[in-house]
Amino acid sequence: MTLDRILHRLQLQHTEPCRVTEFGHLGFMEWLGSLPADSDYNQQAMMAYERALPLRRQAPAVAVFCDLLVASTRMPPRPLDVCLPSPHRRGGARGRRMLH
């Protein structure tokens with residue numbers, strides 16, 4: 001159920017390209033943290049990829065998530081370029097009012 005929730009959030013419209021990448025990376029890290037300790041990583045990654053693949057074209061953040069899944073299963077293993085979003089002000093109450 002966690003993967004469904006992650007994919008749902010990744011489908012939200014993000015207009016800024018840098019935010020799309022950040023959300024894709026966050027989704028990957030959240031998915032990675034939700035895996036059971038004794039699970040087969042490659043099998044879990046393939047299942048997640050198969051579930052996310054139909055959403056890839058319509059949601060750029062899902063495409064980033066899929067790319068990370070593929071990169072993480074390549075051999076020989078290599079470090080992934082995954083980053084946390086940089087902290088920035090989002091506008092507080094005024095920003096939320098502007099959304100409506």
# chains A, B, ... in the order shown; residues from 1 in each chain; ligands from 1
>>> residues_around(residues="Gln58 in chain A", least_positions_apart="4", cutoff="10 Å", atoms="only C-alpha atoms", output="PDB file with N, CA, C and O atoms, in the first residue's frame")
ATOM      1  N   GLN A  11       2.179  11.807  -8.764  1.00  0.00           N
ATOM      2  CA  GLN A  11       1.352  12.202  -9.910  1.00  0.00           C
ATOM      3  C   GLN A  11       0.822  13.624  -9.803  1.00  0.00           C
ATOM      4  O   GLN A  11       0.299  14.156 -10.769  1.00  0.00           O
ATOM      5  N   GLN A  13       0.681  17.529  -9.969  1.00  0.00           N
ATOM      6  CA  GLN A  13       1.340  18.392 -10.945  1.00  0.00           C
ATOM      7  C   GLN A  13       2.398  19.266 -10.280  1.00  0.00           C
ATOM      8  O   GLN A  13       2.097  20.027  -9.386  1.00  0.00           O
ATOM      9  N   PRO A  54       3.083   2.429 -16.153  1.00  0.00           N
ATOM     10  CA  PRO A  54       1.957   3.030 -16.871  1.00  0.00           C
ATOM     11  C   PRO A  54       1.756   4.520 -16.555  1.00  0.00           C
ATOM     12  O   PRO A  54       1.141   5.238 -17.335  1.00  0.00           O
ATOM     13  N   VAL A  62       7.123  10.614 -11.622  1.00  0.00           N
ATOM     14  CA  VAL A  62       7.106   9.145 -11.686  1.00  0.00           C
ATOM     15  C   VAL A  62       8.212   8.673 -12.626  1.00  0.00           C
ATOM     16  O   VAL A  62       8.854   7.653 -12.366  1.00  0.00           O
ATOM     17  N   ALA A  63       8.470   9.416 -13.694  1.00  0.00           N
ATOM     18  CA  ALA A  63       9.560   9.063 -14.608  1.00  0.00           C
ATOM     19  C   ALA A  63      10.913   9.116 -13.895  1.00  0.00           C
ATOM     20  O   ALA A  63      11.755   8.234 -14.085  1.00  0.00           O
TER      21      ALA A  63
END
>>> residues_around(residues="Trp31 in chain A", least_positions_apart="5", cutoff="9 Å", atoms="only C-alpha atoms", output="PyMOL selection string")
chain A and resi 2-3+6+26+48
>>> residues_around(residues="Pro85 in chain A", least_positions_apart="5", cutoff="10 Å", atoms="only C-alpha atoms", output="number ranges by chain")
A: 18-19, 21-23, 25-26
>>> residues_around(residues="Ala59 in chain A", least_positions_apart="4", cutoff="10 Å", atoms="only C-alpha atoms", output="count of residues only")
14
>>> closest_residue(among="A:Ser72, A:Leu35, A:Arg94, A:Asp4", to="Arg51 in chain A", atoms="only C-alpha atoms")
A:Asp4
>>> closest_residue(among="A:Arg97, A:Pro87, A:Leu69, A:Gly92", to="Met46 in chain A", atoms="only C-alpha atoms")
A:Leu69
>>> select_by_dssp(residues="chain A", states="helix (DSSP H, G or I)", output="ChimeraX atom specification")
/A:2-10,17-34,41-55,60-73,92-99
>>> atom_distance(atom1="CA of Asp40 in chain A", atom2="CA of Pro76 in chain A")
17.0 Å
>>> decode(residues="range 11-89 of chain A", atoms="C-alpha atoms", output="short mmCIF file (atom, residue, chain, number, x, y, z; two decimals), in the first residue's frame")
data_model
loop_
_atom_site.label_atom_id
_atom_site.label_comp_id
_atom_site.auth_asym_id
_atom_site.auth_seq_id
_atom_site.Cartn_x
_atom_site.Cartn_y
_atom_site.Cartn_z
CA GLN A 11 1.35 12.20 -9.91
CA LEU A 12 0.51 15.63 -8.50
CA GLN A 13 1.34 18.39 -10.94
CA HIS A 14 4.72 19.98 -10.29
CA THR A 15 5.49 22.80 -12.70
CA GLU A 16 9.12 23.54 -11.83
CA PRO A 17 11.57 21.00 -13.32
CA CYS A 18 13.80 21.10 -10.22
CA ARG A 19 10.79 20.29 -8.01
CA VAL A 20 9.89 17.33 -10.26
CA THR A 21 13.35 15.86 -9.70
CA GLU A 22 13.19 16.52 -5.95
CA PHE A 23 9.82 14.78 -5.64
CA GLY A 24 11.02 11.82 -7.72
CA HIS A 25 14.06 11.46 -5.46
CA LEU A 26 11.96 11.77 -2.31
CA GLY A 27 9.55 9.14 -3.60
CA PHE A 28 12.44 6.77 -4.27
CA MET A 29 13.92 7.30 -0.80
CA GLU A 30 10.53 6.80 0.83
CA TRP A 31 9.97 3.61 -1.16
CA LEU A 32 13.46 2.38 -0.26
CA GLY A 33 12.83 3.04 3.44
CA SER A 34 9.55 1.11 3.31
CA LEU A 35 11.13 -2.14 2.10
CA PRO A 36 11.25 -5.03 4.58
CA ALA A 37 14.79 -5.77 5.75
CA ASP A 38 14.70 -9.35 4.46
CA SER A 39 13.27 -8.59 1.02
CA ASP A 40 14.94 -9.27 -2.33
CA TYR A 41 15.83 -5.76 -3.54
CA ASN A 42 15.89 -6.54 -7.26
CA GLN A 43 12.52 -8.26 -7.07
CA GLN A 44 10.99 -5.36 -5.12
CA ALA A 45 12.47 -2.83 -7.56
CA MET A 46 11.05 -4.71 -10.56
CA MET A 47 7.60 -4.91 -8.97
CA ALA A 48 7.67 -1.17 -8.20
CA TYR A 49 8.85 -0.39 -11.73
CA GLU A 50 6.09 -2.48 -13.30
CA ARG A 51 3.47 -0.71 -11.19
CA ALA A 52 4.86 2.76 -11.93
CA LEU A 53 5.53 2.25 -15.65
CA PRO A 54 1.96 3.03 -16.87
CA LEU A 55 2.10 6.38 -15.02
CA ARG A 56 5.52 7.38 -16.36
CA ARG A 57 4.35 9.37 -19.39
CA GLN A 58 1.74 11.44 -17.59
CA ALA A 59 3.76 12.31 -14.48
CA PRO A 60 7.37 13.51 -14.80
CA ALA A 61 8.12 12.78 -11.11
CA VAL A 62 7.11 9.15 -11.69
CA ALA A 63 9.56 9.06 -14.61
CA VAL A 64 12.35 10.22 -12.27
CA PHE A 65 11.29 7.51 -9.78
CA CYS A 66 11.39 4.86 -12.55
CA ASP A 67 14.81 6.01 -13.72
CA LEU A 68 16.17 5.64 -10.19
CA LEU A 69 14.70 2.15 -9.89
CA VAL A 70 16.41 1.08 -13.13
CA ALA A 71 19.72 2.71 -12.19
CA SER A 72 19.68 1.05 -8.77
CA THR A 73 19.49 -2.45 -10.27
CA ARG A 74 22.30 -2.08 -12.81
CA MET A 75 25.44 -4.10 -12.44
CA PRO A 76 28.06 -3.35 -11.33
CA PRO A 77 26.46 -1.31 -8.55
CA ARG A 78 27.21 2.40 -8.62
CA PRO A 79 26.31 5.24 -6.27
CA LEU A 80 23.06 6.99 -7.18
CA ASP A 81 22.84 10.75 -7.44
CA VAL A 82 19.90 11.14 -5.03
CA CYS A 83 19.50 14.37 -3.14
CA LEU A 84 17.20 15.89 -0.58
CA PRO A 85 15.33 19.03 -1.57
CA SER A 86 17.03 22.24 -0.64
CA PRO A 87 15.23 24.15 2.11
CA HIS A 88 13.38 27.21 0.91
CA ARG A 89 10.51 29.37 1.98
#
